[in-house]
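Okay, start-v9.pdb is below, PDB, C-alpha atoms:
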```pdb
ATOM      1  CA  MET A   1     -51.833 -11.389  17.103  1.00  0.00           C
ATOM      2  CA  ARG A   2     -52.468  -8.672  14.528  1.00  0.00           C
ATOM      3  CA  LEU A   3     -51.000  -6.098  16.915  1.00  0.00           C
ATOM      4  CA  ILE A   4     -47.830  -8.185  17.315  1.00  0.00           C
ATOM      5  CA  ILE A   5     -47.386  -8.472  13.542  1.00  0.00           C
ATOM      6  CA  ILE A   6     -47.767  -4.729  13.135  1.00  0.00           C
ATOM      7  CA  LEU A   7     -45.330  -4.011  15.965  1.00  0.00           C
ATOM      8  CA  LEU A   8     -42.822  -6.525  14.617  1.00  0.00           C
ATOM      9  CA  SER A   9     -42.840  -4.817  11.238  1.00  0.00           C
ATOM     10  CA  PHE A  10     -42.375  -1.426  12.867  1.00  0.00           C
ATOM     11  CA  PHE A  11     -39.609  -2.375  15.260  1.00  0.00           C
ATOM     12  CA  CYS A  12     -37.617  -4.308  12.672  1.00  0.00           C
ATOM     13  CA  LEU A  13     -37.538  -1.241  10.432  1.00  0.00           C
ATOM     14  CA  SER A  14     -37.303   1.650  12.874  1.00  0.00           C
ATOM     15  CA  PHE A  15     -35.408   1.872  16.155  1.00  0.00           C
ATOM     16  CA  ALA A  16     -34.463   4.698  18.460  1.00  0.00           C
ATOM     17  CA  LYS A  17     -30.877   5.879  18.571  1.00  0.00           C
ATOM     18  CA  MET A  18     -30.461   4.334  22.015  1.00  0.00           C
ATOM     19  CA  GLY A  19     -32.127   1.046  22.896  1.00  0.00           C
ATOM     20  CA  PHE A  20     -35.313  -0.267  21.356  1.00  0.00           C
ATOM     21  CA  GLY A  21     -37.437   2.830  21.891  1.00  0.00           C
ATOM     22  CA  GLU A  22     -40.010   3.707  24.522  1.00  0.00           C
ATOM     23  CA  ASP A  23     -42.880   2.000  22.680  1.00  0.00           C
ATOM     24  CA  TYR A  24     -40.993  -1.282  22.970  1.00  0.00           C
ATOM     25  CA  TYR A  25     -40.522  -0.933  26.719  1.00  0.00           C
ATOM     26  CA  ALA A  26     -44.254  -0.394  27.194  1.00  0.00           C
ATOM     27  CA  LEU A  27     -45.067  -3.858  25.810  1.00  0.00           C
ATOM     28  CA  ASP A  28     -45.621  -6.949  27.944  1.00  0.00           C
ATOM     29  CA  ARG A  29     -42.909  -9.615  28.258  1.00  0.00           C
ATOM     30  CA  ALA A  30     -44.265 -11.924  25.578  1.00  0.00           C
ATOM     31  CA  GLN A  31     -44.533  -9.089  23.060  1.00  0.00           C
ATOM     32  CA  LYS A  32     -41.035  -7.881  23.908  1.00  0.00           C
ATOM     33  CA  ARG A  33     -39.567 -11.342  23.342  1.00  0.00           C
ATOM     34  CA  GLN A  34     -41.233 -11.698  19.955  1.00  0.00           C
ATOM     35  CA  ILE A  35     -39.873  -8.375  18.792  1.00  0.00           C
ATOM     36  CA  PHE A  36     -36.499  -8.954  20.424  1.00  0.00           C
ATOM     37  CA  PHE A  37     -35.941 -12.271  18.640  1.00  0.00           C
ATOM     38  CA  ALA A  38     -37.137 -10.857  15.317  1.00  0.00           C
ATOM     39  CA  LYS A  39     -34.783  -7.884  15.627  1.00  0.00           C
ATOM     40  CA  MET A  40     -31.848 -10.031  16.745  1.00  0.00           C
ATOM     41  CA  ASN A  41     -32.423 -12.380  13.824  1.00  0.00           C
ATOM     42  CA  ALA A  42     -32.378  -9.447  11.403  1.00  0.00           C
ATOM     43  CA  MET A  43     -29.275  -7.860  12.940  1.00  0.00           C
ATOM     44  CA  LEU A  44     -27.321 -11.116  12.970  1.00  0.00           C
ATOM     45  CA  GLU A  45     -28.277 -11.698   9.340  1.00  0.00           C
ATOM     46  CA  LYS A  46     -26.959  -8.253   8.453  1.00  0.00           C
ATOM     47  CA  SER A  47     -23.705  -8.971  10.252  1.00  0.00           C
ATOM     48  CA  PHE A  48     -23.385 -12.300   8.453  1.00  0.00           C
ATOM     49  CA  GLU A  49     -23.956 -10.630   5.088  1.00  0.00           C
ATOM     50  CA  GLU A  50     -20.966  -8.371   5.711  1.00  0.00           C
ATOM     51  CA  ILE A  51     -18.889 -11.378   6.728  1.00  0.00           C
ATOM     52  CA  GLU A  52     -19.877 -13.112   3.502  1.00  0.00           C
ATOM     53  CA  ARG A  53     -18.748 -10.094   1.471  1.00  0.00           C
ATOM     54  CA  GLU A  54     -15.420  -9.939   3.311  1.00  0.00           C
ATOM     55  CA  ARG A  55     -14.862 -13.649   2.933  1.00  0.00           C
ATOM     56  CA  ALA A  56     -15.687 -13.633  -0.761  1.00  0.00           C
ATOM     57  CA  PHE A  57     -13.306 -10.734  -1.357  1.00  0.00           C
ATOM     58  CA  VAL A  58     -10.383 -12.393   0.434  1.00  0.00           C
ATOM     59  CA  ARG A  59     -10.843 -15.690  -1.349  1.00  0.00           C
ATOM     60  CA  ALA A  60     -11.136 -14.086  -4.788  1.00  0.00           C
ATOM     61  CA  PHE A  61      -8.205 -11.721  -4.188  1.00  0.00           C
ATOM     62  CA  LEU A  62      -5.867 -14.431  -2.955  1.00  0.00           C
ATOM     63  CA  GLU A  63      -6.863 -16.929  -5.648  1.00  0.00           C
ATOM     64  CA  GLU A  64      -6.262 -14.365  -8.386  1.00  0.00           C
ATOM     65  CA  ASN A  65      -2.925 -13.260  -7.028  1.00  0.00           C
ATOM     66  CA  PHE A  66      -1.667 -16.768  -6.345  1.00  0.00           C
ATOM     67  CA  LYS A  67      -2.271 -17.460 -10.029  1.00  0.00           C
ATOM     68  CA  GLN A  68       0.021 -14.537 -10.752  1.00  0.00           C
ATOM     69  CA  GLY A  69       2.661 -15.718  -8.325  1.00  0.00           C
ATOM     70  CA  LEU A  70       1.660 -13.154  -5.663  1.00  0.00           C
ATOM     71  CA  ARG A  71       2.665 -10.237  -7.857  1.00  0.00           C
ATOM     72  CA  VAL A  72       0.199  -7.935  -6.163  1.00  0.00           C
ATOM     73  CA  ASP A  73      -0.425  -4.838  -8.251  1.00  0.00           C
ATOM     74  CA  HIS A  74      -4.005  -4.034  -7.261  1.00  0.00           C
ATOM     75  CA  GLN A  75      -3.449  -1.271  -4.711  1.00  0.00           C
ATOM     76  CA  LYS A  76      -7.050  -0.854  -3.533  1.00  0.00           C
ATOM     77  CA  GLY A  77      -7.469  -4.602  -3.200  1.00  0.00           C
ATOM     78  CA  LEU A  78      -4.247  -4.878  -1.247  1.00  0.00           C
ATOM     79  CA  GLU A  79      -5.317  -2.054   1.047  1.00  0.00           C
ATOM     80  CA  ARG A  80      -8.605  -3.778   1.749  1.00  0.00           C
ATOM     81  CA  LEU A  81      -6.810  -7.052   2.454  1.00  0.00           C
ATOM     82  CA  ALA A  82      -4.488  -5.252   4.875  1.00  0.00           C
ATOM     83  CA  PHE A  83      -7.534  -3.693   6.569  1.00  0.00           C
ATOM     84  CA  LEU A  84      -9.160  -7.110   7.023  1.00  0.00           C
ATOM     85  CA  ARG A  85      -5.881  -8.542   8.265  1.00  0.00           C
ATOM     86  CA  GLU A  86      -5.825  -5.932  11.031  1.00  0.00           C
ATOM     87  CA  LYS A  87      -9.554  -6.233  11.725  1.00  0.00           C
ATOM     88  CA  TYR A  88      -9.376  -9.999  12.262  1.00  0.00           C
ATOM     89  CA  ARG A  89      -5.829 -10.029  13.686  1.00  0.00           C
ATOM     90  CA  ILE A  90      -4.399 -12.231  10.965  1.00  0.00           C
ATOM     91  CA  ASN A  91      -0.690 -13.053  11.213  1.00  0.00           C
ATOM     92  CA  ASN A  92       0.087 -13.929   7.591  1.00  0.00           C
ATOM     93  CA  LEU A  93      -1.347 -11.446   5.084  1.00  0.00           C
ATOM     94  CA  PHE A  94      -1.609 -14.100   2.364  1.00  0.00           C
ATOM     95  CA  SER A  95      -2.755 -17.106   4.445  1.00  0.00           C
ATOM     96  CA  TRP A  96      -6.219 -18.135   3.280  1.00  0.00           C
ATOM     97  CA  GLU A  97      -6.427 -20.687   6.097  1.00  0.00           C
ATOM     98  CA  GLU A  98      -6.200 -17.936   8.724  1.00  0.00           C
ATOM     99  CA  TYR A  99      -8.927 -15.866   7.086  1.00  0.00           C
ATOM    100  CA  ASP A 100     -10.980 -19.009   6.510  1.00  0.00           C
ATOM    101  CA  LYS A 101     -10.889 -19.837  10.194  1.00  0.00           C
ATOM    102  CA  LYS A 102     -11.807 -16.360  11.427  1.00  0.00           C
ATOM    103  CA  ILE A 103     -14.127 -14.807   8.848  1.00  0.00           C
ATOM    104  CA  ARG A 104     -17.203 -16.890   9.530  1.00  0.00           C
ATOM    105  CA  PRO A 105     -20.654 -16.396  11.069  1.00  0.00           C
ATOM    106  CA  ILE A 106     -21.478 -17.707  14.504  1.00  0.00           C
ATOM    107  CA  PRO A 107     -24.379 -20.009  15.411  1.00  0.00           C
ATOM    108  CA  LYS A 108     -27.299 -17.628  15.382  1.00  0.00           C
ATOM    109  CA  ALA A 109     -29.196 -19.132  18.316  1.00  0.00           C
ATOM    110  CA  MET A 110     -26.143 -18.707  20.505  1.00  0.00           C
ATOM    111  CA  GLY A 111     -26.014 -14.991  19.755  1.00  0.00           C
ATOM    112  CA  MET A 112     -29.730 -14.625  20.408  1.00  0.00           C
ATOM    113  CA  ALA A 113     -29.523 -16.468  23.726  1.00  0.00           C
ATOM    114  CA  GLN A 114     -26.533 -14.447  24.891  1.00  0.00           C
ATOM    115  CA  ALA A 115     -28.183 -11.167  23.945  1.00  0.00           C
ATOM    116  CA  LEU A 116     -31.347 -12.153  25.793  1.00  0.00           C
ATOM    117  CA  VAL A 117     -29.390 -13.036  28.945  1.00  0.00           C
ATOM    118  CA  GLU A 118     -26.884 -10.176  28.833  1.00  0.00           C
ATOM    119  CA  SER A 119     -29.403  -7.438  28.048  1.00  0.00           C
ATOM    120  CA  ALA A 120     -32.567  -8.805  29.684  1.00  0.00           C
ATOM    121  CA  ALA A 121     -34.263  -8.753  26.259  1.00  0.00           C
ATOM    122  CA  GLY A 122     -32.994  -5.247  25.605  1.00  0.00           C
ATOM    123  CA  THR A 123     -34.341  -3.761  28.848  1.00  0.00           C
ATOM    124  CA  SER A 124     -31.091  -3.489  30.830  1.00  0.00           C
ATOM    125  CA  ARG A 125     -29.517  -0.132  31.591  1.00  0.00           C
ATOM    126  CA  PHE A 126     -26.638  -0.880  29.235  1.00  0.00           C
ATOM    127  CA  ALA A 127     -28.957  -1.795  26.363  1.00  0.00           C
ATOM    128  CA  ARG A 128     -31.079   1.322  26.861  1.00  0.00           C
ATOM    129  CA  GLU A 129     -28.286   3.823  27.492  1.00  0.00           C
ATOM    130  CA  ALA A 130     -25.390   2.323  25.537  1.00  0.00           C
ATOM    131  CA  ASN A 131     -26.909   0.078  22.831  1.00  0.00           C
ATOM    132  CA  ASN A 132     -24.819  -2.673  24.440  1.00  0.00           C
ATOM    133  CA  LEU A 133     -26.552  -6.038  24.091  1.00  0.00           C
ATOM    134  CA  PHE A 134     -23.706  -8.322  25.127  1.00  0.00           C
ATOM    135  CA  GLY A 135     -22.070  -6.638  28.113  1.00  0.00           C
ATOM    136  CA  GLU A 136     -18.894  -5.797  26.199  1.00  0.00           C
ATOM    137  CA  ARG A 137     -16.382  -3.833  28.224  1.00  0.00           C
ATOM    138  CA  THR A 138     -13.827  -1.140  27.434  1.00  0.00           C
ATOM    139  CA  TRP A 139     -10.838   0.180  29.343  1.00  0.00           C
ATOM    140  CA  GLY A 140     -10.046   3.177  27.194  1.00  0.00           C
ATOM    141  CA  GLY A 141     -13.034   4.201  25.094  1.00  0.00           C
ATOM    142  CA  ARG A 142     -16.268   5.885  26.060  1.00  0.00           C
ATOM    143  CA  GLY A 143     -18.447   3.850  28.322  1.00  0.00           C
ATOM    144  CA  LEU A 144     -20.812   3.616  31.265  1.00  0.00           C
ATOM    145  CA  VAL A 145     -19.535   2.839  34.736  1.00  0.00           C
ATOM    146  CA  PRO A 146     -21.344  -0.212  36.177  1.00  0.00           C
ATOM    147  CA  ASP A 147     -23.237   0.606  39.364  1.00  0.00           C
ATOM    148  CA  LEU A 148     -21.673  -2.312  41.248  1.00  0.00           C
ATOM    149  CA  ARG A 149     -18.132  -1.994  39.877  1.00  0.00           C
ATOM    150  CA  HIS A 150     -15.484  -2.781  42.495  1.00  0.00           C
ATOM    151  CA  PRO A 151     -13.443   0.299  43.573  1.00  0.00           C
ATOM    152  CA  ASN A 152     -10.247  -1.354  42.318  1.00  0.00           C
ATOM    153  CA  GLU A 153     -11.652  -2.042  38.859  1.00  0.00           C
ATOM    154  CA  ARG A 154     -11.416   0.387  35.944  1.00  0.00           C
ATOM    155  CA  HIS A 155     -13.505  -1.160  33.198  1.00  0.00           C
ATOM    156  CA  LYS A 156     -16.588   0.477  31.701  1.00  0.00           C
ATOM    157  CA  VAL A 157     -19.403  -0.904  29.584  1.00  0.00           C
ATOM    158  CA  LYS A 158     -18.837   0.089  25.992  1.00  0.00           C
ATOM    159  CA  ILE A 159     -21.212   2.545  24.312  1.00  0.00           C
ATOM    160  CA  PHE A 160     -22.264   1.773  20.732  1.00  0.00           C
ATOM    161  CA  ASP A 161     -23.826   4.154  18.238  1.00  0.00           C
ATOM    162  CA  SER A 162     -26.469   1.575  17.329  1.00  0.00           C
ATOM    163  CA  LEU A 163     -27.759  -1.843  18.286  1.00  0.00           C
ATOM    164  CA  GLN A 164     -26.356  -3.171  15.018  1.00  0.00           C
ATOM    165  CA  ASP A 165     -22.894  -1.948  16.002  1.00  0.00           C
ATOM    166  CA  SER A 166     -23.186  -3.944  19.213  1.00  0.00           C
ATOM    167  CA  VAL A 167     -24.087  -7.103  17.287  1.00  0.00           C
ATOM    168  CA  ASP A 168     -21.249  -6.576  14.802  1.00  0.00           C
ATOM    169  CA  SER A 169     -18.774  -6.053  17.637  1.00  0.00           C
ATOM    170  CA  TYR A 170     -19.943  -9.184  19.436  1.00  0.00           C
ATOM    171  CA  VAL A 171     -19.503 -11.351  16.334  1.00  0.00           C
ATOM    172  CA  LEU A 172     -16.095  -9.815  15.611  1.00  0.00           C
ATOM    173  CA  ASN A 173     -15.034 -10.402  19.207  1.00  0.00           C
ATOM    174  CA  LEU A 174     -15.765 -14.121  18.892  1.00  0.00           C
ATOM    175  CA  ASN A 175     -13.961 -14.200  15.555  1.00  0.00           C
ATOM    176  CA  ARG A 176     -10.713 -12.630  16.656  1.00  0.00           C
ATOM    177  CA  HIS A 177     -10.191 -12.485  20.446  1.00  0.00           C
ATOM    178  CA  PHE A 178      -7.643 -14.960  21.817  1.00  0.00           C
ATOM    179  CA  ALA A 179     -10.103 -16.043  24.532  1.00  0.00           C
ATOM    180  CA  TYR A 180     -12.341 -17.648  21.893  1.00  0.00           C
ATOM    181  CA  GLU A 181      -9.708 -19.533  19.939  1.00  0.00           C
ATOM    182  CA  ASN A 182     -11.219 -22.850  21.025  1.00  0.00           C
ATOM    183  CA  PHE A 183     -14.589 -21.702  19.650  1.00  0.00           C
ATOM    184  CA  ARG A 184     -12.987 -20.914  16.273  1.00  0.00           C
ATOM    185  CA  ASN A 185     -11.030 -24.177  16.174  1.00  0.00           C
ATOM    186  CA  LYS A 186     -14.130 -26.239  16.856  1.00  0.00           C
ATOM    187  CA  ARG A 187     -16.122 -24.312  14.260  1.00  0.00           C
ATOM    188  CA  TYR A 188     -13.378 -24.890  11.708  1.00  0.00           C
ATOM    189  CA  GLU A 189     -13.238 -28.613  12.461  1.00  0.00           C
ATOM    190  CA  PHE A 190     -16.952 -28.870  11.785  1.00  0.00           C
ATOM    191  CA  ALA A 191     -16.637 -26.840   8.588  1.00  0.00           C
ATOM    192  CA  LYS A 192     -13.880 -29.076   7.199  1.00  0.00           C
ATOM    193  CA  LYS A 193     -16.127 -32.075   7.775  1.00  0.00           C
ATOM    194  CA  GLY A 194     -19.034 -30.323   6.054  1.00  0.00           C
ATOM    195  CA  LYS A 195     -21.044 -30.240   9.272  1.00  0.00           C
ATOM    196  CA  ASN A 196     -23.181 -27.451  10.692  1.00  0.00           C
ATOM    197  CA  PHE A 197     -21.685 -25.957  13.856  1.00  0.00           C
ATOM    198  CA  THR A 198     -24.726 -25.682  16.078  1.00  0.00           C
ATOM    199  CA  THR A 199     -25.333 -23.573  19.135  1.00  0.00           C
ATOM    200  CA  LEU A 200     -25.245 -26.610  21.421  1.00  0.00           C
ATOM    201  CA  GLU A 201     -21.721 -27.399  20.222  1.00  0.00           C
ATOM    202  CA  ALA A 202     -20.558 -23.799  20.261  1.00  0.00           C
ATOM    203  CA  ILE A 203     -21.768 -23.023  23.771  1.00  0.00           C
ATOM    204  CA  LYS A 204     -19.437 -25.678  25.180  1.00  0.00           C
ATOM    205  CA  THR A 205     -16.514 -23.405  24.231  1.00  0.00           C
ATOM    206  CA  LEU A 206     -17.751 -20.256  26.026  1.00  0.00           C
ATOM    207  CA  HIS A 207     -16.110 -20.781  29.422  1.00  0.00           C
ATOM    208  CA  SER A 208     -14.165 -17.538  29.007  1.00  0.00           C
ATOM    209  CA  TYR A 209     -17.166 -15.360  28.186  1.00  0.00           C
ATOM    210  CA  SER A 210     -18.457 -14.993  31.722  1.00  0.00           C
ATOM    211  CA  GLU A 211     -17.059 -15.216  35.230  1.00  0.00           C
ATOM    212  CA  LEU A 212     -19.905 -17.657  35.906  1.00  0.00           C
ATOM    213  CA  LYS A 213     -18.170 -20.288  33.718  1.00  0.00           C
ATOM    214  CA  GLU A 214     -20.239 -23.517  33.691  1.00  0.00           C
ATOM    215  CA  LYS A 215     -23.209 -21.822  35.338  1.00  0.00           C
ATOM    216  CA  TYR A 216     -23.328 -19.322  32.471  1.00  0.00           C
ATOM    217  CA  ILE A 217     -23.389 -22.131  29.936  1.00  0.00           C
ATOM    218  CA  ASP A 218     -26.201 -23.846  31.852  1.00  0.00           C
ATOM    219  CA  ILE A 219     -28.194 -20.606  31.832  1.00  0.00           C
ATOM    220  CA  LEU A 220     -27.809 -20.264  28.073  1.00  0.00           C
ATOM    221  CA  LEU A 221     -28.840 -23.870  27.498  1.00  0.00           C
ATOM    222  CA  ARG A 222     -32.021 -23.347  29.517  1.00  0.00           C
ATOM    223  CA  VAL A 223     -32.837 -20.191  27.567  1.00  0.00           C
ATOM    224  CA  ILE A 224     -32.308 -21.966  24.250  1.00  0.00           C
ATOM    225  CA  LYS A 225     -34.556 -24.841  25.258  1.00  0.00           C
ATOM    226  CA  ARG A 226     -37.260 -22.621  26.761  1.00  0.00           C
ATOM    227  CA  TYR A 227     -37.624 -20.450  23.668  1.00  0.00           C
ATOM    228  CA  ASP A 228     -36.805 -23.103  21.050  1.00  0.00           C
ATOM    229  CA  LEU A 229     -33.936 -21.024  19.676  1.00  0.00           C
ATOM    230  CA  GLU A 230     -32.346 -23.966  17.884  1.00  0.00           C
ATOM    231  CA  LYS A 231     -34.804 -23.378  15.060  1.00  0.00           C
ATOM    232  CA  TYR A 232     -32.635 -20.398  14.079  1.00  0.00           C
ATOM    233  CA  ASP A 233     -29.621 -22.700  13.740  1.00  0.00           C
ATOM    234  CA  LYS A 234     -31.581 -25.001  11.454  1.00  0.00           C
ATOM    235  CA  SER A 235     -32.214 -22.102   9.107  1.00  0.00           C
ATOM    236  CA  GLU A 236     -28.425 -21.833   8.714  1.00  0.00           C
ATOM    237  CA  ALA A 237     -27.901 -25.485   7.806  1.00  0.00           C
ATOM    238  CA  LYS A 238     -27.559 -24.749   4.096  1.00  0.00           C
ATOM    239  CA  SER A 239     -25.240 -21.815   4.641  1.00  0.00           C
ATOM    240  CA  PRO A 240     -22.446 -21.388   2.055  1.00  0.00           C
ATOM    241  CA  PHE A 241     -20.014 -21.168   4.975  1.00  0.00           C
ATOM    242  CA  VAL A 242     -20.476 -24.779   6.071  1.00  0.00           C
ATOM    243  CA  LYS A 243     -17.986 -26.384   3.698  1.00  0.00           C
ATOM    244  CA  GLY A 244     -15.376 -23.668   3.951  1.00  0.00           C
TER     245      GLY A 244
END
```

Show how you would write the structure in this file as structure tokens.
Amino acid sequence: MRLIIILLSFFCLSFAKMGFGEDYYALDRAQKRQIFFAKMNAMLEKSFEEIERERAFVRAFLEENFKQGLRVDHQKGLERLAFLREKYRINNLFSWEEYDKKIRPIPKAMGMAQALVESAAGTSRFAREANNLFGERTWGGRGLVPDLRHPNERHKVKIFDSLQDSVDSYVLNLNRHFAYENFRNKRYEFAKKGKNFTTLEAIKTLHSYSELKEKYIDILLRVIKRYDLEKYDKSEAKSPFVKG
């Protein structure tokens, strides 16, 4: 147990440029899972902190300028708003409802379960060589060619500079891609009712994430139950995002 605590502290603070580092891969499965979940929890928290900053900025900026009748004269603030509009693919620059629906965290246990499945707890080729924890693809950027890619296909697996970049990209993907609009709508419905949007509710909307469809969802549900990942959702129950 003491060894695990020491390793957890080390791995949560220091990681190799690609993957989790050779020391991690030398551990047994149980040790890997402990460190993997601890690291995923920390990385998702960091991603959520950035979302909270973005959300707070948009709300404050729009509230202030609506008081002034939208006479926007704060150039840097306007530039940042325009950046976030593009980042989250917002249609109306001054629509708080659009930002409110998209700039939100995701259920943490869902992200942890997907990362575990997609990256085999960080041991997959794509996790080790591309820092890609969620199997995200690219058709134009730098990437790795999957070994079993069909000759007619052209996609690659996206390469990230860090594991944190992979987590940030995954969360952003769920928050802006058209394929996950149902996920965002459901999350928003829960938020307006002051309810916590749990992993078990969110997973029902992930039919578009994998070609396995319902089978993929069943796999995630088994992973969540096996490793009691819902406890990470419960830690989010008092999140400031719940009530919008």

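Of the residues under consideration (A:Arg142, A:Lys158, A:Lys102, A:Lys225), A:Lys102 shows the shortest atom-to-atom contact distance to A:Tyr88 when counting all atoms listed in the file.
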
_Which residues are close to A:Asn185, i.e. within 12 Å by only C-alpha atoms, leaving aside same-chain residues fewer than 2 positions away? Reply as a list of chain:residue names._
A:Glu97, A:Glu98, A:Asp100, A:Lys101, A:Lys102, A:Arg104, A:Leu174, A:Asn175, A:Arg176, A:Phe178, A:Ala179, A:Tyr180, A:Glu181, A:Asn182, A:Phe183, A:Arg187, A:Tyr188, A:Glu189, A:Phe190, A:Ala191, A:Lys192, A:Phe197, A:Glu201, A:Ala202, A:Thr205

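Take the candidates A:Ile90, A:Ile35, A:Val58, A:Met40 and check each one against A:Tyr232 using all atoms listed in the file; the shortest distance goes to A:Met40.
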
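Atom pair atom CA of A:Trp139 / atom CA of A:His155 has a distance of 4.9 Å (rounded to one decimal).
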
Each stretch 143-221 of chain A residue no farther than 9 Å from stretch 41-51 of chain A, nearest pair in Å, all atoms listed in the file, as a Markdown table:
```
| residue | atom | partner | partner_atom | distance |
| --- | --- | --- | --- | --- |
| A:Leu163 | CA | A:Met43 | CA | 8.2 |
| A:Gln164 | CA | A:Met43 | CA | 5.9 |
| A:Val167 | CA | A:Leu44 | CA | 6.7 |
| A:Asp168 | CA | A:Ser47 | CA | 5.7 |
| A:Val171 | CA | A:Ser47 | CA | 7.8 |
```

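The protein and nucleic acid residues lying at most 12 Å from A:Ala56 are A:Glu49, A:Glu50, A:Ile51, A:Glu52, A:Ala60, A:Phe61, A:Leu62, A:Glu63, A:Leu81, A:Trp96, A:Tyr99, A:Asp100, A:Ile103, A:Arg104, A:Pro240, A:Phe241, A:Gly244, with only C-alpha atoms considered and sequence neighbours fewer than 4 positions away removed.
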
*Atom pair atom CA of A:Leu229 / atom CA of A:Ala109: separation (Å)*: 5.3 Å
